>>> print(open('structure.txt').read())   # compact mmCIF, C-alpha atoms and all ligand atoms
# COMPACT_ATOMS: atom_id res chain seq x y z
CA MET L 6 9.10 3.97 -29.24
CA LYS L 7 9.25 6.19 -26.15
CA ALA L 8 10.87 5.07 -22.91
CA ILE L 9 8.80 2.60 -20.89
CA PRO L 10 9.39 2.78 -17.10
CA TYR L 11 8.49 -0.03 -14.67
CA GLY L 12 5.88 2.15 -12.99
CA ARG L 13 4.48 5.66 -13.18
CA GLN L 14 1.69 7.88 -11.93
CA HIS L 15 -1.53 8.44 -13.86
CA ILE L 16 -2.62 12.08 -13.55
CA GLU L 17 -5.69 13.32 -15.46
CA GLN L 18 -7.36 16.72 -15.84
CA ASP L 19 -9.74 16.17 -12.91
CA ASP L 20 -6.73 15.46 -10.64
CA ILE L 21 -5.17 18.75 -11.76
CA ASP L 22 -8.47 20.60 -11.24
CA ALA L 23 -8.71 19.22 -7.69
CA VAL L 24 -5.22 20.52 -6.85
CA VAL L 25 -5.92 23.93 -8.37
CA ALA L 26 -9.14 24.19 -6.35
CA ALA L 27 -7.18 23.41 -3.17
CA LEU L 28 -4.61 26.08 -4.07
CA LYS L 29 -7.41 28.65 -4.43
CA SER L 30 -9.05 27.64 -1.14
CA ASP L 31 -8.41 29.09 2.33
CA PHE L 32 -6.28 26.17 3.47
CA LEU L 33 -3.09 24.85 1.92
CA THR L 34 -2.55 22.64 4.96
CA GLN L 35 -4.45 21.67 8.15
CA GLY L 36 -7.74 22.31 6.36
CA PRO L 37 -10.78 20.21 5.51
CA LYS L 38 -9.26 18.18 2.66
CA VAL L 39 -7.10 16.15 5.03
CA GLN L 40 -10.06 14.83 7.01
CA GLU L 41 -12.02 14.31 3.78
CA PHE L 42 -9.18 12.18 2.40
CA GLU L 43 -8.91 10.24 5.66
CA ASP L 44 -12.64 9.53 5.73
CA ALA L 45 -12.72 8.48 2.07
CA PHE L 46 -9.68 6.26 2.54
CA ALA L 47 -10.96 4.58 5.70
CA ASN L 48 -14.24 3.95 3.94
CA TYR L 49 -12.51 2.51 0.86
CA ILE L 50 -10.30 0.15 2.85
CA GLY L 51 -13.00 -0.74 5.35
CA ALA L 52 -11.09 0.41 8.44
CA ASN L 53 -12.60 2.48 11.26
CA TYR L 54 -9.87 5.13 11.25
CA ALA L 55 -7.28 6.60 8.90
CA VAL L 56 -4.48 9.09 9.66
CA ALA L 57 -2.84 10.91 6.74
CA VAL L 58 0.92 11.47 6.97
CA ASN L 59 3.57 13.11 4.80
CA ASN L 60 4.91 9.75 3.59
CA ALA L 61 4.65 6.08 4.49
CA THR L 62 8.08 6.05 6.13
CA SER L 63 6.85 8.67 8.64
CA GLY L 64 3.72 6.57 9.05
CA LEU L 65 5.76 3.48 9.91
CA HIS L 66 7.75 5.54 12.41
CA LEU L 67 4.54 6.71 14.12
CA ALA L 68 3.14 3.17 14.05
CA VAL L 69 6.06 1.70 16.03
CA LEU L 70 5.96 4.66 18.45
CA ALA L 71 2.21 4.23 18.98
CA LEU L 72 2.90 0.60 19.88
CA ASP L 73 5.53 1.81 22.35
CA LEU L 74 8.49 0.09 20.68
CA LYS L 75 11.61 0.60 22.81
CA PRO L 76 15.39 0.26 22.37
CA GLY L 77 16.36 -3.38 22.69
CA ASP L 78 12.93 -4.69 21.60
CA ARG L 79 12.87 -7.09 18.64
CA VAL L 80 10.61 -7.01 15.58
CA ILE L 81 10.41 -9.41 12.62
CA THR L 82 10.07 -8.35 8.99
CA THR L 83 10.85 -9.63 5.50
CA PRO L 84 14.14 -8.97 3.68
CA ILE L 85 12.26 -8.58 0.39
CA THR L 86 10.78 -5.13 0.90
CA PHE L 87 11.71 -1.49 0.67
CA ALA L 88 14.19 -0.57 3.42
CA ALA L 89 11.61 1.61 5.21
CA SER L 90 9.73 -1.48 6.47
CA ALA L 91 12.82 -2.33 8.54
CA ASN L 92 14.18 1.17 9.15
CA CYS L 93 11.19 2.18 11.29
CA ILE L 94 12.23 -0.48 13.81
CA ARG L 95 15.70 1.09 13.97
CA TYR L 96 14.18 4.58 14.43
CA ALA L 97 12.87 3.31 17.77
CA GLY L 98 16.28 1.84 18.61
CA ALA L 99 14.87 -1.68 18.38
CA GLU L 100 16.40 -4.74 16.65
CA VAL L 101 15.34 -5.94 13.20
CA TRP L 102 15.05 -9.70 12.78
CA PHE L 103 14.42 -11.10 9.33
CA ALA L 104 12.46 -14.23 8.45
CA ASP L 105 12.71 -15.72 4.97
CA ILE L 106 10.18 -15.49 2.13
CA ASP L 107 8.10 -18.15 0.42
CA PRO L 108 9.87 -18.96 -2.88
CA ASP L 109 6.65 -18.86 -4.95
CA THR L 110 4.57 -16.00 -3.51
CA TYR L 111 7.68 -13.98 -2.46
CA LEU L 112 5.79 -13.04 0.73
CA LEU L 113 7.14 -13.34 4.27
CA SER L 114 6.78 -17.05 5.04
CA LEU L 115 4.37 -17.86 7.87
CA GLU L 116 6.29 -21.07 8.60
CA LYS L 117 9.70 -19.37 8.69
CA THR L 118 8.27 -16.64 10.93
CA ARG L 119 6.82 -19.29 13.24
CA GLU L 120 10.14 -21.18 13.36
CA LEU L 121 11.97 -17.99 14.26
CA ILE L 122 9.49 -17.02 16.98
CA GLU L 123 9.37 -20.50 18.47
CA SER L 124 13.14 -20.84 18.68
CA TYR L 125 13.22 -18.10 21.35
CA PRO L 126 11.49 -17.75 24.72
CA LYS L 127 8.07 -16.13 24.97
CA GLY L 128 8.30 -12.34 25.06
CA PHE L 129 11.52 -12.27 23.00
CA PHE L 130 9.81 -10.55 20.05
CA LYS L 131 7.40 -7.61 20.22
CA GLY L 132 5.85 -7.54 16.78
CA ILE L 133 5.80 -8.43 13.09
CA ILE L 134 5.82 -6.09 10.07
CA PRO L 135 4.70 -8.26 7.15
CA VAL L 136 4.43 -6.75 3.66
CA ASP L 137 1.75 -7.32 1.01
CA PHE L 138 4.61 -7.52 -1.43
CA ALA L 139 4.06 -6.47 -5.06
CA GLY L 140 0.34 -6.08 -4.26
CA LEU L 141 -0.23 -9.69 -3.20
CA PRO L 142 -2.07 -9.88 0.15
CA LEU L 143 -0.68 -12.00 2.95
CA ASN L 144 -3.06 -14.30 4.78
CA MET L 145 -3.28 -11.88 7.69
CA GLU L 146 -5.66 -14.18 9.60
CA ALA L 147 -2.92 -16.81 9.81
CA PHE L 148 -0.39 -14.18 10.92
CA ARG L 149 -2.89 -12.96 13.55
CA ASP L 150 -3.21 -16.48 15.00
CA LEU L 151 0.56 -16.74 15.23
CA ALA L 152 0.92 -13.24 16.69
CA GLU L 153 -1.84 -13.82 19.23
CA ALA L 154 -0.27 -17.07 20.44
CA HIS L 155 2.93 -15.16 21.22
CA GLY L 156 1.57 -11.79 22.32
CA LEU L 157 2.86 -9.89 19.28
CA TRP L 158 1.44 -6.91 17.44
CA ILE L 159 1.23 -6.64 13.63
CA ILE L 160 1.83 -3.59 11.45
CA GLU L 161 0.71 -4.52 7.92
CA ASP L 162 2.87 -2.76 5.34
CA ALA L 163 0.23 -2.47 2.61
CA CYS L 164 2.10 0.16 0.58
CA HIS L 165 1.82 -2.07 -2.51
CA ALA L 166 -1.72 -3.19 -1.99
CA PRO L 167 -4.57 -0.63 -1.79
CA GLY L 168 -7.64 -2.50 -3.05
CA ALA L 169 -6.16 -6.00 -2.71
CA TYR L 170 -7.83 -8.62 -0.52
CA PHE L 171 -7.53 -12.21 0.67
CA THR L 172 -10.40 -14.52 1.62
CA ASP L 173 -10.40 -15.59 5.26
CA SER L 174 -11.58 -18.87 6.85
CA LYS L 175 -15.13 -17.50 7.18
CA ASP L 176 -15.17 -16.86 3.42
CA GLN L 177 -15.01 -13.09 4.00
CA LYS L 178 -13.00 -10.89 1.68
CA GLN L 179 -10.54 -8.93 3.81
CA ARG L 180 -9.00 -5.86 2.25
CA CYS L 181 -5.34 -5.16 2.96
CA GLY L 182 -5.01 -2.70 5.80
CA ASN L 183 -8.62 -3.03 7.03
CA GLY L 184 -7.44 -3.67 10.58
CA VAL L 185 -9.45 -6.85 11.11
CA TYR L 186 -6.34 -8.98 11.70
CA ALA L 187 -3.50 -6.46 11.92
CA ASP L 188 -3.22 -3.67 14.50
CA MET L 189 -2.39 -1.06 11.89
CA GLY L 190 -1.91 -0.77 8.15
CA ILE L 191 0.29 1.64 6.20
CA PHE L 192 -0.05 2.89 2.61
CA SER L 193 2.22 5.08 0.46
CA PHE L 194 1.26 7.75 -2.05
CA HIS L 195 4.64 7.98 -3.76
CA PRO L 196 4.11 8.34 -7.55
CA VAL L 197 5.16 4.77 -8.36
CA LYS L 198 2.48 3.43 -6.00
CA HIS L 199 -1.22 3.17 -6.94
CA ILE L 200 -2.36 6.54 -5.59
CA ALA L 201 -0.05 9.50 -6.20
CA CYS L 202 0.16 12.55 -3.92
CA GLY L 203 3.77 13.45 -4.81
CA GLU L 204 4.67 12.28 -1.32
CA GLY L 205 2.17 10.98 1.19
CA GLY L 206 1.00 8.08 3.29
CA MET L 207 -1.96 6.80 5.28
CA LEU L 208 -2.18 4.79 8.47
CA THR L 209 -5.29 2.70 9.07
CA THR L 210 -6.55 1.05 12.25
CA ASN L 211 -9.69 -0.13 14.00
CA SER L 212 -8.39 0.90 17.42
CA GLU L 213 -9.59 4.24 18.72
CA ALA L 214 -6.68 4.41 21.18
CA LEU L 215 -4.10 3.87 18.42
CA TYR L 216 -5.90 6.37 16.20
CA LYS L 217 -5.71 9.09 18.87
CA LYS L 218 -2.06 8.33 19.56
CA LEU L 219 -1.15 8.47 15.85
CA ALA L 220 -3.07 11.73 15.32
CA SER L 221 -1.26 13.32 18.27
CA LEU L 222 2.23 12.11 17.28
CA ARG L 223 1.68 13.38 13.74
CA THR L 224 1.42 16.94 14.95
CA HIS L 225 4.06 17.41 17.67
CA GLY L 226 2.06 15.68 20.41
CA ILE L 227 0.17 18.96 20.72
CA THR L 228 -3.50 18.81 21.69
CA LYS L 229 -6.40 20.90 22.91
CA GLU L 230 -8.17 17.87 24.38
CA ASN L 231 -7.89 16.44 27.90
CA MET L 232 -5.67 19.31 29.02
CA ALA L 233 -4.46 19.54 32.61
CA GLU L 234 -4.91 23.34 32.45
CA ASN L 235 -6.66 25.81 30.15
CA HIS L 236 -5.61 29.46 30.11
CA GLY L 237 -7.99 30.47 27.27
CA GLY L 238 -8.90 30.03 23.64
CA TRP L 239 -5.28 30.08 22.46
CA PHE L 240 -4.16 27.43 24.89
CA TYR L 241 -2.79 24.02 23.99
CA GLU L 242 -0.63 21.42 25.64
CA MET L 243 2.21 19.36 24.26
CA GLN L 244 1.63 16.14 26.12
CA GLU L 245 4.22 13.96 24.42
CA LEU L 246 7.12 14.33 22.00
CA GLY L 247 5.68 14.20 18.49
CA TYR L 248 6.70 15.27 14.99
CA ASN L 249 5.46 17.30 12.06
CA TYR L 250 4.49 14.45 9.76
CA ARG L 251 1.39 16.15 8.31
CA LEU L 252 0.02 15.80 4.78
CA THR L 253 -1.09 19.07 3.13
CA ASP L 254 -4.53 19.94 1.79
CA ILE L 255 -3.02 20.26 -1.68
CA GLN L 256 -1.79 16.68 -1.53
CA SER L 257 -5.00 15.47 0.10
CA ALA L 258 -7.07 17.00 -2.72
CA LEU L 259 -4.97 15.04 -5.21
CA GLY L 260 -5.28 11.92 -3.06
CA ILE L 261 -9.09 12.13 -2.95
CA SER L 262 -9.23 12.43 -6.72
CA GLN L 263 -6.74 9.58 -7.22
CA LEU L 264 -8.43 7.29 -4.68
CA ALA L 265 -11.70 7.43 -6.63
CA LYS L 266 -9.90 5.82 -9.59
CA ASN L 267 -8.08 3.13 -7.68
CA ASP L 268 -10.48 0.30 -8.46
CA ALA L 269 -10.26 1.06 -12.18
CA GLY L 270 -6.47 1.27 -11.92
CA VAL L 271 -6.24 -2.09 -10.15
CA LYS L 272 -8.52 -3.67 -12.81
CA ARG L 273 -6.25 -2.40 -15.56
CA ARG L 274 -3.20 -3.71 -13.68
CA ILE L 275 -4.84 -7.13 -13.43
CA ASP L 276 -5.50 -7.14 -17.19
CA ILE L 277 -1.86 -6.30 -17.80
CA ALA L 278 -0.81 -9.10 -15.42
CA GLU L 279 -3.07 -11.56 -17.28
CA ALA L 280 -1.48 -10.64 -20.60
CA TYR L 281 2.00 -11.21 -19.13
CA LYS L 282 0.93 -14.55 -17.65
CA ASN L 283 -0.64 -15.71 -20.91
CA ALA L 284 2.59 -14.91 -22.73
CA PHE L 285 4.93 -16.45 -20.14
CA ARG L 286 2.97 -19.44 -18.78
CA GLY L 287 5.11 -22.59 -18.82
CA LYS L 288 8.15 -20.61 -20.00
CA ILE L 289 9.01 -18.08 -17.31
CA LYS L 290 8.34 -18.19 -13.56
CA TYR L 291 6.21 -15.36 -12.14
CA GLN L 292 4.73 -14.60 -8.70
CA SER L 293 2.09 -17.19 -7.84
CA LEU L 294 -1.40 -16.19 -6.68
CA PRO L 295 -2.92 -18.15 -3.77
CA ASN L 296 -6.62 -19.10 -4.07
CA GLY L 297 -9.01 -16.40 -2.92
CA SER L 298 -6.44 -13.62 -3.28
CA TYR L 299 -6.96 -10.45 -5.29
CA ASN L 300 -3.58 -9.00 -6.24
CA ALA L 301 -3.46 -5.20 -6.63
CA HIS L 302 -0.32 -5.65 -8.78
CA HIS L 303 1.90 -2.81 -7.77
CA LEU L 304 4.55 -4.89 -9.55
CA PHE L 305 4.74 -7.73 -12.05
CA ILE L 306 7.80 -9.80 -11.22
CA ILE L 307 9.37 -12.63 -13.19
CA GLU L 308 12.42 -14.76 -12.42
CA VAL L 309 15.11 -15.41 -15.03
CA ASP L 310 18.56 -17.00 -14.71
CA ASP L 311 20.41 -14.22 -16.52
CA ARG L 312 18.71 -11.35 -14.77
CA LYS L 313 21.43 -8.76 -15.43
CA GLY L 314 21.48 -9.80 -19.08
CA LEU L 315 17.72 -9.24 -19.38
CA TYR L 316 17.86 -5.95 -17.48
CA ASP L 317 20.56 -4.59 -19.82
CA PHE L 318 18.87 -5.99 -22.93
CA LEU L 319 15.56 -4.29 -22.03
CA LYS L 320 17.33 -1.06 -21.12
CA ALA L 321 18.93 -0.97 -24.57
CA GLN L 322 15.35 -1.04 -25.97
CA GLN L 323 14.31 1.85 -23.70
CA ILE L 324 12.41 -0.51 -21.39
CA PHE L 325 13.37 0.39 -17.83
CA ALA L 326 12.69 -2.70 -15.75
CA GLN L 327 13.57 -2.56 -12.04
CA ILE L 328 14.66 -4.92 -9.27
CA HIS L 329 12.49 -5.27 -6.14
CA TYR L 330 14.34 -5.54 -3.92
CA ILE L 331 17.96 -5.89 -2.91
CA PRO L 332 17.42 -7.96 0.28
CA VAL L 333 17.41 -5.49 3.16
CA HIS L 334 19.77 -7.58 5.30
CA THR L 335 22.46 -7.31 2.57
CA LEU L 336 22.41 -3.48 2.48
CA PRO L 337 25.67 -2.09 3.93
CA TYR L 338 23.95 -0.50 6.96
CA TYR L 339 22.33 -3.81 7.97
CA LYS L 340 25.46 -5.81 7.12
CA LYS L 341 27.40 -3.59 9.52
CA ILE L 342 24.90 -4.41 12.26
CA GLY L 343 25.54 -8.07 11.47
CA TYR L 344 22.52 -9.46 9.67
CA GLU L 345 24.46 -10.95 6.76
CA SER L 346 24.87 -14.30 8.52
CA ALA L 347 21.10 -14.94 8.82
CA ASP L 348 19.81 -17.91 6.79
CA LEU L 349 17.65 -16.17 4.24
CA SER L 350 18.47 -18.32 1.24
CA ASN L 351 15.03 -18.09 -0.43
CA SER L 352 15.35 -14.30 -0.40
CA GLU L 353 18.87 -14.39 -1.79
CA THR L 354 17.98 -16.87 -4.55
CA TYR L 355 14.93 -14.79 -5.41
CA TYR L 356 17.04 -11.64 -5.60
CA SER L 357 19.50 -13.27 -8.00
CA LYS L 358 16.68 -13.86 -10.52
CA CYS L 359 13.91 -11.30 -9.99
CA ILE L 360 13.04 -8.47 -12.34
CA SER L 361 9.95 -6.23 -12.35
CA LEU L 362 8.42 -5.55 -15.77
CA PRO L 363 6.47 -2.39 -16.65
CA MET L 364 3.18 -2.31 -14.71
CA TYR L 365 0.99 0.80 -14.54
CA PRO L 366 -2.54 1.62 -15.72
CA SER L 367 -1.50 3.85 -18.63
CA LEU L 368 0.82 1.21 -20.14
CA THR L 369 -0.72 0.65 -23.58
CA ASP L 370 -1.39 -2.76 -25.14
CA ASP L 371 1.14 -1.94 -27.87
CA GLU L 372 3.78 -1.03 -25.31
CA GLN L 373 3.11 -4.21 -23.37
CA ARG L 374 3.30 -6.34 -26.54
CA PHE L 375 6.68 -4.75 -27.25
CA VAL L 376 7.89 -5.59 -23.72
CA ILE L 377 6.64 -9.19 -23.96
CA GLU L 378 8.26 -9.65 -27.37
CA LYS L 379 11.62 -8.42 -26.08
CA VAL L 380 11.48 -10.55 -22.93
CA LEU L 381 10.65 -13.68 -24.95
CA THR L 382 13.35 -12.88 -27.51
CA PHE L 383 15.91 -12.69 -24.72
CA VAL L 384 14.74 -15.74 -22.83
CA ASN L 385 14.50 -17.88 -25.99
CA GLY L 386 18.07 -16.85 -26.82
C1 LIG O 401 7.20 2.80 -0.85
C2 LIG O 401 7.25 1.93 0.33
C3 LIG O 401 7.43 2.41 1.62
C4 LIG O 401 7.75 3.85 1.92
O1 LIG O 401 6.88 4.72 1.32
P1 LIG O 401 7.21 6.31 1.28
O2 LIG O 401 5.84 6.92 1.12
O3 LIG O 401 8.06 6.50 0.06
O4 LIG O 401 7.88 6.69 2.53
C5 LIG O 401 7.37 1.53 2.68
N1 LIG O 401 7.18 0.21 2.47
C6 LIG O 401 7.04 -0.31 1.23
C7 LIG O 401 6.81 -1.76 1.08
C8 LIG O 401 7.09 0.53 0.13
O5 LIG O 401 7.00 0.02 -1.10
>>> encode(input="structure.txt", output="structure tokens")
Amino acid sequence: MKAIPYGRQHIEQDDIDAVVAALKSDFLTQGPKVQEFEDAFANYIGANYAVAVNNATSGLHLAVLALDLKPGDRVITTPITFAASANCIRYAGAEVWFADIDPDTYLLSLEKTRELIESYPKGFFKGIIPVDFAGLPLNMEAFRDLAEAHGLWIIEDACHAPGAYFTDSKDQKQRCGNGVYADMGIFSFHPVKHIACGEGGMLTTNSEALYKKLASLRTHGITKENMAENHGGWFYEMQELGYNYRLTDIQSALGISQLAKNDAGVKRRIDIAEAYKNAFRGKIKYQSLPNGSYNAHHLFIIEVDDRKGLYDFLKAQQIFAQIHYIPVHTLPYYKKIGYESADLSNSETYYSKCISLPMYPSLTDDEQRFVIEKVLTFVNG
């Protein structure tokens, strides 16, 4: 049997054709495909605006800048995420504060976040960066209530969750990143995520002011609008210090093609998740799904006591499981800053047991049966 990774991209002939067409067009970058991708993405997620960027890490950087995060400010995130969710806070010179996860959903705990916020004076924290971890949506309405009570903003890291939704108190389905409860959302188009562009990311928001700020910061802070002076057709102004965080037309063409298949991809992921759950129910703990939630299943995570044993056992069978994630506060950079003493015991216990099994649309039923058989063989001793 060939090697089975934990995740991989799904590229078909029409994706390749879309890229070739972009290569033959007049624009390799800064052309019409970028806007087309942004419009299609905003429409898919149900947000008013979308801004394409060269990766989600750049997007997170722009998001904190657009919210005017300053050195010395404090922002809360989860330790169980990719480092970029926290790193963007450091890019702005601000402090990262971690709140613990819920031991069953593995999501940033609303209660732990509330406890942390309420143990400091009002104004102590500036914002929250919660993560729809593994594809499972947070209840963003509940986070909004908490944030509003304390004057905080929310950047929803939805990198794992395009197409996922939770059901709010008005019985409305709210897609991750739709900007109804969070100020901004961020998505990644790295090949292990749902939509592959090679590298790429998308910011979403319902705020026109934030949209304009993000679009300006993405391209050096250079604009031809609202200029103080105008010397002629060539003229532009750089009104603030921005970056080159642009996505190309080549990547956007691939993104448009990939986005159109996302619903089908998520459906297949859910079928794979169901097959895992049916095989493991009552025997192995897996991420729980709150009522009314639709999990986009970037990952399928189980917990086992001998996690290293299972990882090595699967690897010997050419099954490349992965660990998501080493808690961010235990990474050497964050340890040096002094986060190791925080009480994040749920995150640390979770990390000692978690392992992500293969989860991607092109995983075949036979391959999945093989994975399940090997996991059960190991767990049953
Ligand atoms: C992948 C990922 C990112 C960063 O995405 P890039 O596009 O690789 O920069 C940020 N946050 C989370 C939760 C991720 O999984």
>>> residues_near_ligand(input="structure.txt", ligand="ligand LIG 401 (chain O)", cutoff="10 Å", atoms="all atoms listed in the file", output="number ranges by chain")
L: 58-66, 83, 85-93, 134-140, 161-166, 191-198, 201-207, 303, 329-330
>>> closest_residue(input="structure.txt", among="L:Glu41, L:Tyr186, L:Ser114, L:Asp107", to="L:Met145", atoms="only C-alpha atoms")
L:Tyr186
>>> residues_near_point(input="structure.txt", point="(-9.9, -2.0, -10.6)", cutoff="12 Å", atoms="all atoms listed in the file", output="list in words")
Ala166, Pro167, Gly168, Ala169, His199, Leu264, Ala265, Lys266, Asn267, Asp268, Ala269, Gly270, Val271, Lys272, Arg273, Arg274, Ile275, Asp276, Ile277, Tyr299, Asn300, Ala301, His302, Tyr365 and Pro366 of chain L
>>> closest_residue(input="structure.txt", among="L:Leu72, L:Val380, L:Met232, L:Leu368", to="L:Lys7", atoms="only C-alpha atoms")
L:Leu368
>>> residues_near_point(input="structure.txt", point="(2.0, 22.7, -0.9)", cutoff="8 Å", atoms="all atoms listed in the file", output="tab-separated table (two decimals) with C-alpha atoms, in the frame of the given file")
chain	number	residue	atom	x	y	z
L	33	LEU	CA	-3.09	24.85	1.92
L	34	THR	CA	-2.55	22.64	4.96
L	253	THR	CA	-1.09	19.07	3.13
L	254	ASP	CA	-4.53	19.94	1.79
L	255	ILE	CA	-3.02	20.26	-1.68
L	256	GLN	CA	-1.79	16.68	-1.53
>>> atom_distance(input="structure.txt", atom1="atom CA of L:Asn283", atom2="atom CA of L:Pro108")
21.1 Å
>>> residues_around(input="structure.txt", residues="L:Ala52", least_positions_apart="4", cutoff="9 Å", atoms="all atoms listed in the file", output="list in words")
Phe46, Ala47, Asn48, Gly182, Asn183, Gly184, Val185, Thr209, Thr210 and Asn211 of chain L
>>> closest_residue(input="structure.txt", among="L:Ala154, L:Leu259, L:Ile94, L:Leu362", to="L:Leu28", atoms="all atoms listed in the file")
L:Leu259
>>> atom_distance(input="structure.txt", atom1="atom CA of L:Leu113", atom2="atom CA of L:Leu349")
10.9 Å
>>> closest_residue(input="structure.txt", among="L:Gly314, L:Gly260, L:Pro126, L:Pro76", to="L:Ala27", atoms="only C-alpha atoms")
L:Gly260
>>> closest_residue(input="structure.txt", among="L:Glu245, L:Asp78, L:Glu308, L:Asp105", to="L:His225", atoms="only C-alpha atoms")
L:Glu245
>>> closest_residue(input="structure.txt", among="L:Arg374, L:His236, L:Lys379, L:His15", to="L:Asp317", atoms="all atoms listed in the file")
L:Lys379
>>> atom_distance(input="structure.txt", atom1="atom CA of L:Leu67", atom2="atom CA of L:Phe42")
18.9 Å
>>> axis_aligned_box(input="structure.txt", around="stretch 87-102 of chain L", padding_each_side="8 Å", output="JSON")
{"center_x": 13.1, "center_y": -2.6, "center_z": 9.6, "size_x": 22.7, "size_y": 30.3, "size_z": 33.9}
>>> residues_around(input="structure.txt", residues="L:Glu372", least_positions_apart="3", cutoff="10 Å", atoms="all atoms listed in the file", output="list of chain:residue names")
L:Met6, L:Lys7, L:Ala8, L:Ile9, L:Ile324, L:Pro363, L:Ser367, L:Leu368, L:Thr369, L:Phe375, L:Val376, L:Ile377, L:Glu378
>>> residues_around(input="structure.txt", residues="L:Tyr170", least_positions_apart="4", cutoff="6 Å", atoms="all atoms listed in the file", output="PDB file with C-alpha atoms, in the coordinates of the input")
ATOM      1  CA  PRO L 142      -2.070  -9.880   0.150  1.00  0.00           C
ATOM      2  CA  GLN L 179     -10.540  -8.930   3.810  1.00  0.00           C
ATOM      3  CA  ARG L 180      -9.000  -5.860   2.250  1.00  0.00           C
ATOM      4  CA  CYS L 181      -5.340  -5.160   2.960  1.00  0.00           C
ATOM      5  CA  SER L 298      -6.440 -13.620  -3.280  1.00  0.00           C
ATOM      6  CA  TYR L 299      -6.960 -10.450  -5.290  1.00  0.00           C
TER       7      TYR L 299
END
